[in-house]
Structure formats: C-alpha cells, structure tokens
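Next up, structure_6.tsv (TSV, C-alpha atoms):
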```
chain	number	residue	atom	x	y	z
A	1	MET	CA	96.72	95.72	144.51
A	2	GLY	CA	94.59	93.31	142.47
A	3	ARG	CA	94.85	92.79	138.75
A	4	PRO	CA	92.82	95.35	136.73
A	5	ALA	CA	89.35	94.33	135.71
A	6	LEU	CA	88.38	94.65	132.07
A	7	ASN	CA	86.03	97.50	131.30
A	8	VAL	CA	83.90	96.40	128.32
A	9	VAL	CA	82.94	99.23	125.97
A	10	SER	CA	79.19	99.22	125.26
A	11	SER	CA	79.06	102.20	122.90
A	12	ARG	CA	81.47	104.35	120.96
A	13	ASP	CA	82.31	107.76	122.35
A	14	PRO	CA	83.91	110.35	120.02
A	15	SER	CA	87.45	109.10	120.58
A	16	ARG	CA	86.44	105.50	119.90
A	17	ALA	CA	84.52	106.58	116.80
A	18	ALA	CA	87.57	108.47	115.53
A	19	LEU	CA	89.69	105.39	116.16
A	20	ALA	CA	87.23	103.22	114.22
A	21	GLU	CA	87.46	105.59	111.26
A	22	ALA	CA	91.26	105.58	111.45
A	23	ILE	CA	91.36	101.77	111.48
A	24	ALA	CA	89.03	101.63	108.46
A	25	ASP	CA	91.18	104.18	106.65
A	26	VAL	CA	94.34	102.15	107.25
A	27	SER	CA	92.62	99.05	105.87
A	28	ALA	CA	91.46	100.92	102.77
A	29	GLN	CA	94.88	102.45	102.14
A	30	GLU	CA	96.61	99.09	102.61
A	31	ALA	CA	94.19	97.49	100.13
A	32	SER	CA	94.92	100.23	97.59
A	33	LEU	CA	98.65	99.79	98.13
A	34	ALA	CA	98.34	96.03	97.64
A	35	LYS	CA	96.51	96.58	94.33
A	36	VAL	CA	99.20	98.93	92.99
A	37	ARG	CA	101.98	96.67	94.24
A	38	GLY	CA	100.34	93.69	92.53
A	39	ALA	CA	100.20	95.60	89.23
A	40	SER	CA	103.84	96.62	89.63
A	41	ASP	CA	104.89	93.04	90.32
A	42	ARG	CA	102.91	91.86	87.27
A	43	ALA	CA	104.64	94.48	85.10
A	44	SER	CA	108.01	93.20	86.34
A	45	ASP	CA	107.01	89.64	85.39
A	46	LEU	CA	105.94	90.79	81.92
A	47	ILE	CA	109.23	92.65	81.49
A	48	THR	CA	111.10	89.44	82.22
A	49	MET	CA	108.98	87.51	79.72
A	50	ALA	CA	109.40	90.17	77.01
A	51	PHE	CA	113.14	90.30	77.61
A	52	LEU	CA	113.36	86.53	77.13
A	53	ASP	CA	111.36	86.88	73.92
A	54	VAL	CA	113.88	89.46	72.66
A	55	GLU	CA	116.76	87.13	73.46
A	56	THR	CA	115.02	84.24	71.69
A	57	ALA	CA	114.40	86.39	68.60
A	58	GLU	CA	118.03	87.52	68.56
A	59	THR	CA	119.15	83.89	68.58
A	60	GLU	CA	116.81	83.15	65.69
A	61	ILE	CA	118.20	86.15	63.79
A	62	ARG	CA	121.75	84.92	64.23
A	63	ASP	CA	120.77	81.46	63.04
A	64	ALA	CA	118.88	82.88	60.04
A	65	ARG	CA	121.83	85.02	59.02
A	66	ALA	CA	124.12	82.00	59.24
A	67	THR	CA	121.99	80.32	56.54
A	68	GLN	CA	121.28	83.50	54.58
A	69	ARG	CA	122.57	82.16	51.21
A	70	ASP	CA	120.59	78.93	51.43
A	71	GLU	CA	117.37	80.77	52.31
A	72	VAL	CA	117.73	83.25	49.41
A	73	MET	CA	118.48	80.42	46.98
A	74	ALA	CA	115.39	78.57	48.13
A	75	SER	CA	113.33	81.74	47.63
A	76	VAL	CA	114.62	82.12	44.07
A	77	MET	CA	113.87	78.48	43.29
A	78	ARG	CA	110.31	78.99	44.56
A	79	GLY	CA	109.96	81.90	42.16
A	80	ASP	CA	109.20	84.48	44.85
A	81	ASP	CA	108.53	87.94	43.43
A	82	THR	CA	111.14	89.37	45.85
A	83	PRO	CA	113.73	86.79	46.83
A	84	SER	CA	114.40	87.12	50.56
A	85	ASN	CA	115.25	85.29	53.75
A	86	THR	CA	111.76	84.76	55.14
A	87	ARG	CA	113.10	83.20	58.30
A	88	LEU	CA	115.24	86.26	58.99
A	89	VAL	CA	112.40	88.67	58.27
A	90	GLN	CA	110.05	86.87	60.62
A	91	ALA	CA	112.67	86.70	63.38
A	92	GLU	CA	113.33	90.43	63.07
A	93	GLU	CA	109.59	91.11	63.22
A	94	ARG	CA	109.30	89.01	66.38
A	95	LYS	CA	112.24	90.87	67.92
A	96	ALA	CA	110.72	94.25	67.07
A	97	GLU	CA	107.40	93.20	68.62
A	98	ALA	CA	109.10	91.88	71.76
A	99	GLU	CA	111.11	95.10	72.08
A	100	ARG	CA	107.92	97.12	71.72
A	101	ARG	CA	106.25	95.14	74.50
A	102	LEU	CA	109.38	95.39	76.65
A	103	ALA	CA	109.45	99.18	76.33
A	104	ALA	CA	105.72	99.41	77.09
A	105	TYR	CA	105.99	97.23	80.22
A	106	ARG	CA	109.01	99.21	81.44
A	107	ALA	CA	107.11	102.47	80.98
A	108	ALA	CA	104.15	101.00	82.87
A	109	ARG	CA	106.38	99.89	85.73
A	110	ASP	CA	107.97	103.33	85.89
A	111	ASP	CA	104.52	104.91	86.13
A	112	LEU	CA	103.50	102.43	88.81
A	113	SER	CA	106.68	103.14	90.74
A	114	GLY	CA	105.50	106.68	91.36
A	115	ALA	CA	102.02	105.47	92.26
A	116	LEU	CA	103.54	102.91	94.61
A	117	SER	CA	105.46	105.62	96.46
A	118	ASP	CA	102.29	107.68	96.75
A	119	GLU	CA	100.31	104.74	98.13
A	120	GLU	CA	103.06	103.87	100.63
A	121	ALA	CA	103.03	107.47	101.85
A	122	LYS	CA	99.24	107.33	102.26
A	123	VAL	CA	99.50	104.12	104.29
A	124	ALA	CA	102.21	105.63	106.51
A	125	ALA	CA	100.07	108.75	107.08
A	126	ALA	CA	96.99	106.63	107.87
A	127	GLN	CA	98.96	104.52	110.33
A	128	ALA	CA	100.34	107.64	112.03
A	129	HIS	CA	96.80	109.01	112.36
A	130	LEU	CA	95.65	105.68	113.78
A	131	ARG	CA	98.37	105.87	116.44
A	132	GLU	CA	97.23	109.38	117.35
A	133	CYS	CA	93.62	108.21	117.70
A	134	ARG	CA	94.70	105.21	119.74
A	135	THR	CA	96.72	107.48	122.04
A	136	ALA	CA	93.66	109.71	122.52
A	137	VAL	CA	91.66	106.69	123.70
A	138	LEU	CA	94.45	105.59	126.03
A	139	TRP	CA	94.88	109.05	127.54
A	140	GLU	CA	91.23	109.05	128.56
A	141	ALA	CA	92.05	106.13	130.86
A	142	LEU	CA	95.06	107.88	132.42
A	143	PRO	CA	93.25	110.04	135.01
A	144	ALA	CA	91.63	107.00	136.64
A	145	LEU	CA	94.96	105.19	136.78
A	146	VAL	CA	96.70	108.18	138.34
A	147	ALA	CA	93.90	108.65	140.86
A	148	ALA	CA	94.00	104.97	141.83
A	149	SER	CA	97.77	105.06	142.27
A	150	MET	CA	97.85	108.10	144.57
A	151	PRO	CA	96.66	106.32	147.76
A	152	LEU	CA	99.11	103.48	147.10
A	153	ARG	CA	101.90	105.98	146.56
A	154	GLN	CA	101.02	107.74	149.81
A	155	GLU	CA	100.88	104.44	151.67
A	156	LEU	CA	104.26	103.40	150.27
A	157	ALA	CA	105.75	106.77	151.27
A	158	GLU	CA	104.47	106.32	154.83
A	159	TYR	CA	106.05	102.88	155.07
A	160	ALA	CA	109.30	104.17	153.58
A	161	GLN	CA	109.46	107.05	156.09
A	162	ALA	CA	108.90	104.63	158.96
A	163	ILE	CA	111.66	102.38	157.58
A	164	ASP	CA	113.96	105.43	157.40
A	165	LEU	CA	113.35	106.20	161.04
A	166	ILE	CA	114.21	102.66	162.04
A	167	THR	CA	117.22	102.17	159.81
A	168	GLU	CA	118.72	105.48	160.93
A	169	ARG	CA	119.45	103.70	164.16
A	170	SER	CA	120.87	100.56	162.57
A	171	PRO	CA	124.23	99.23	163.78
A	172	GLY	CA	127.20	100.88	162.11
A	173	PHE	CA	128.68	97.54	161.13
A	174	MET	CA	127.06	94.19	160.44
A	175	SER	CA	128.95	91.06	159.48
A	176	ALA	CA	127.99	89.00	156.45
A	177	ASP	CA	126.33	86.36	158.63
A	178	ASP	CA	124.39	88.86	160.73
A	179	PRO	CA	120.67	88.09	160.10
A	180	ARG	CA	119.92	91.82	160.40
A	181	ARG	CA	121.96	92.47	157.29
A	182	LYS	CA	119.47	90.69	155.06
A	183	LEU	CA	116.64	92.60	156.70
A	184	MET	CA	118.50	95.85	156.12
A	185	ASP	CA	118.94	95.03	152.44
A	186	GLU	CA	115.20	94.40	152.10
A	187	ALA	CA	114.42	97.68	153.83
A	188	ASN	CA	116.72	99.56	151.46
A	189	ARG	CA	114.97	98.06	148.45
A	190	ILE	CA	111.63	99.36	149.70
A	191	ARG	CA	113.00	102.88	149.79
A	192	GLN	CA	114.09	102.74	146.19
A	193	PRO	CA	111.72	103.73	143.35
A	194	ILE	CA	109.05	101.10	142.97
A	195	LEU	CA	109.92	100.40	139.34
A	196	SER	CA	113.68	100.39	139.84
A	197	PRO	CA	115.38	97.30	138.40
A	198	ASP	CA	116.70	96.66	141.92
A	199	SER	CA	113.33	97.02	143.61
A	200	GLY	CA	112.79	93.27	143.85
A	201	ILE	CA	109.42	93.53	142.05
A	202	ALA	CA	108.82	90.96	139.34
A	203	LEU	CA	108.54	92.69	135.95
A	204	PRO	CA	106.59	92.88	133.81
A	205	THR	CA	103.62	92.86	136.16
A	206	PRO	CA	100.26	91.30	135.19
A	207	ALA	CA	98.81	94.82	134.81
A	208	TYR	CA	101.61	95.78	132.39
A	209	ALA	CA	100.94	92.68	130.28
A	210	GLU	CA	97.20	93.45	130.16
A	211	TRP	CA	97.79	97.03	129.09
A	212	LYS	CA	100.28	96.01	126.43
A	213	ALA	CA	97.78	93.51	125.00
A	214	ALA	CA	94.99	96.11	125.09
A	215	ILE	CA	97.11	98.70	123.25
A	216	HIS	CA	97.88	96.14	120.54
A	217	SER	CA	94.17	95.29	120.21
A	218	LEU	CA	93.29	98.95	119.66
A	219	THR	CA	95.32	98.83	116.44
A	220	PHE	CA	92.58	96.80	114.75
A	221	ASP	CA	89.60	96.79	117.16
A	222	PRO	CA	88.14	100.20	118.07
A	223	ASP	CA	85.98	98.60	120.78
A	224	ALA	CA	88.82	96.69	122.46
A	225	PRO	CA	88.32	96.95	126.25
A	226	LEU	CA	90.91	98.65	128.45
A	227	PRO	CA	91.96	97.51	131.89
A	228	ASN	CA	90.92	99.94	134.61
A	229	ALA	CA	92.00	100.63	138.12
A	230	ALA	CA	88.89	99.10	139.74
```

Please render this file's structure as structure tokens.
Amino acid sequence: MGRPALNVVSSRDPSRAALAEAIADVSAQEASLAKVRGASDRASDLITMAFLDVETAETEIRDARATQRDEVMASVMRGDDTPSNTRLVQAEERKAEAERRLAAYRAARDDLSGALSDEEAKVAAAQAHLRECRTAVLWEALPALVAASMPLRQELAEYAQAIDLITERSPGFMSADDPRRKLMDEANRIRQPILSPDSGIALPTPAYAEWKAAIHSLTFDPDAPLPNAA
C-alpha cells in the first residue's frame, strides 16, 4: 500500500464553507477575549498603582501629624485666617483621591471579571463548534478510506487463513535453535490484528502522520487538503 496522495481542494463544498465560518468565528471570539483580558490586566495594574498612592499618602499623613504643633505655629505666624496643618490637609486629600481611584478600579475589574468569563465561554463554544465542523469534513473522507481498505483486509484474511492451514500441521515441539521456530513466530504475528502492538508493523505509519498533520491544519485552514486512499 503506497502513501496517500494529497487531494487538493479547489472549491469549498458546504462542509468546508461551514468550517471556514467556524474558524473565522473562533478568531473573532479570541480577539474579543484578548481585548477584555487586556482591559482587565490594565485595571489590575491601575489598582496596584492606586494602592501604592494610598500607602504613600498614609506615610505623609503620619509624618505631618508628627510635626502637627510646628505646622500650626507656622500657620499662626503667617497670619492665616484659619490656622491649620496644610501639609496634613493636603496629604489627607491625596489619600482620599487615591482611595477613590482604587475603589473605582476595583469596581471596573469586578465588572470585567464577569465579562471575561462570558468571553471565555464564547471562545470555548466557538472552538467546540469548530471541532464539530472539522469532524464533518473528516467524515466525508471516511467512506473512501473504508472502501480502499476492504480489498486489503480481504487479501490479508486470505493469507492468514492459508497460514492457519499450514501452521495447524506444525511440529508439536520446536527447540529454541530450530529455524522453524522463528518462522512460526512470524506467522503468528500475521494472524494477529494488523494494528496490534505485537504485529511487528512500525507505528505510526506514514499515512497516520499525514492524517494527523491534515487534521491539525483544518483547525486554522478550511481548505487544507486531506490525504486520500488513491
């Protein structure tokens, strides 16, 4: 049996067209997911920055309170209408602003978390639909493969039956150095299922490798050619 020849697709039949739409849908859903994920990541970065701003303001507040008397005295000496600790007031204002931004960014991230879950679900659904469309394309190739394998299966069965007739009359005992023993082992392997691990056939076969590569290609290329039995 020769290696399968590639069957190049020249036009899209309905199953190929459906696969093309499914591939496009997956790409669109993944792009939408990436956009939401990017916004969520940005919100997380802004939360970190706002949190650091709050910590910085709290440090400034502690420092301002430590010099509260000196600041008030300076305000009185300047003749301020309302003696106060300007440094403390400004630090508290900065903290309040940072806390406001922190709360807003956290709320935004919470909102995006729900959107992110929705987008991930859409991507998963699109990928599942793509797999269904890909399977539909692959199943269209199955009848030809089965038909091509039937004569080979029949031929193998005929050989196996002939081997059975011969080996039925094999000697009851063969020593380890009897050359017929090796021949008998080879005959037994032929009678086993052709894809049995003990069949002696090198796996994976070239045809298996070609089909595996073709199936992978159908994930992103609706016109990817499939091997055929010709």

- Message: Let me make sure I understand: among A:Asn228, A:Leu112, A:Glu168, A:Leu33, which one has the smallest atom-to-atom distance to A:Val146 if we use all atoms listed in the file?
- Response: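 That would be A:Asn228, the residue with the smallest distance to A:Val146.
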
- What does the distance between atom CA of A:Ala43 and atom CA of A:Asp110 come to in Å, to one decimal place?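 Going from atom CA of A:Ala43 over to atom CA of A:Asp110 covers 9.5 Å.
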
Any idea what's packed within 10 Å of A:Thr67, counting all atoms listed in the file, ignoring anything in its chain fewer than 3 positions away? Could you give it as a PDB file with C-alpha atoms, in the coordinates of the input?
```pdb
ATOM      1  CA  ARG A  62     121.750  84.920  64.230  1.00  0.00           C
ATOM      2  CA  ASP A  63     120.770  81.460  63.040  1.00  0.00           C
ATOM      3  CA  ALA A  64     118.880  82.880  60.040  1.00  0.00           C
ATOM      4  CA  ASP A  70     120.590  78.930  51.430  1.00  0.00           C
ATOM      5  CA  GLU A  71     117.370  80.770  52.310  1.00  0.00           C
ATOM      6  CA  VAL A  72     117.730  83.250  49.410  1.00  0.00           C
ATOM      7  CA  ASN A  85     115.250  85.290  53.750  1.00  0.00           C
ATOM      8  CA  ARG A  87     113.100  83.200  58.300  1.00  0.00           C
ATOM      9  CA  LEU A  88     115.240  86.260  58.990  1.00  0.00           C
TER      10      LEU A  88
END
```

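Taking atom CA of A:Ala98 and atom CA of A:Ala115 as the two end points, the separation is 25.6 Å.
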
- Near A:Leu102, counting all atoms listed in the file, which residues have an atom at most 10 Å away, once you skip same-chain residues fewer than 2 positions from it, shown as a ChimeraX atom specification? /A:43,46-54,96-100,104-108
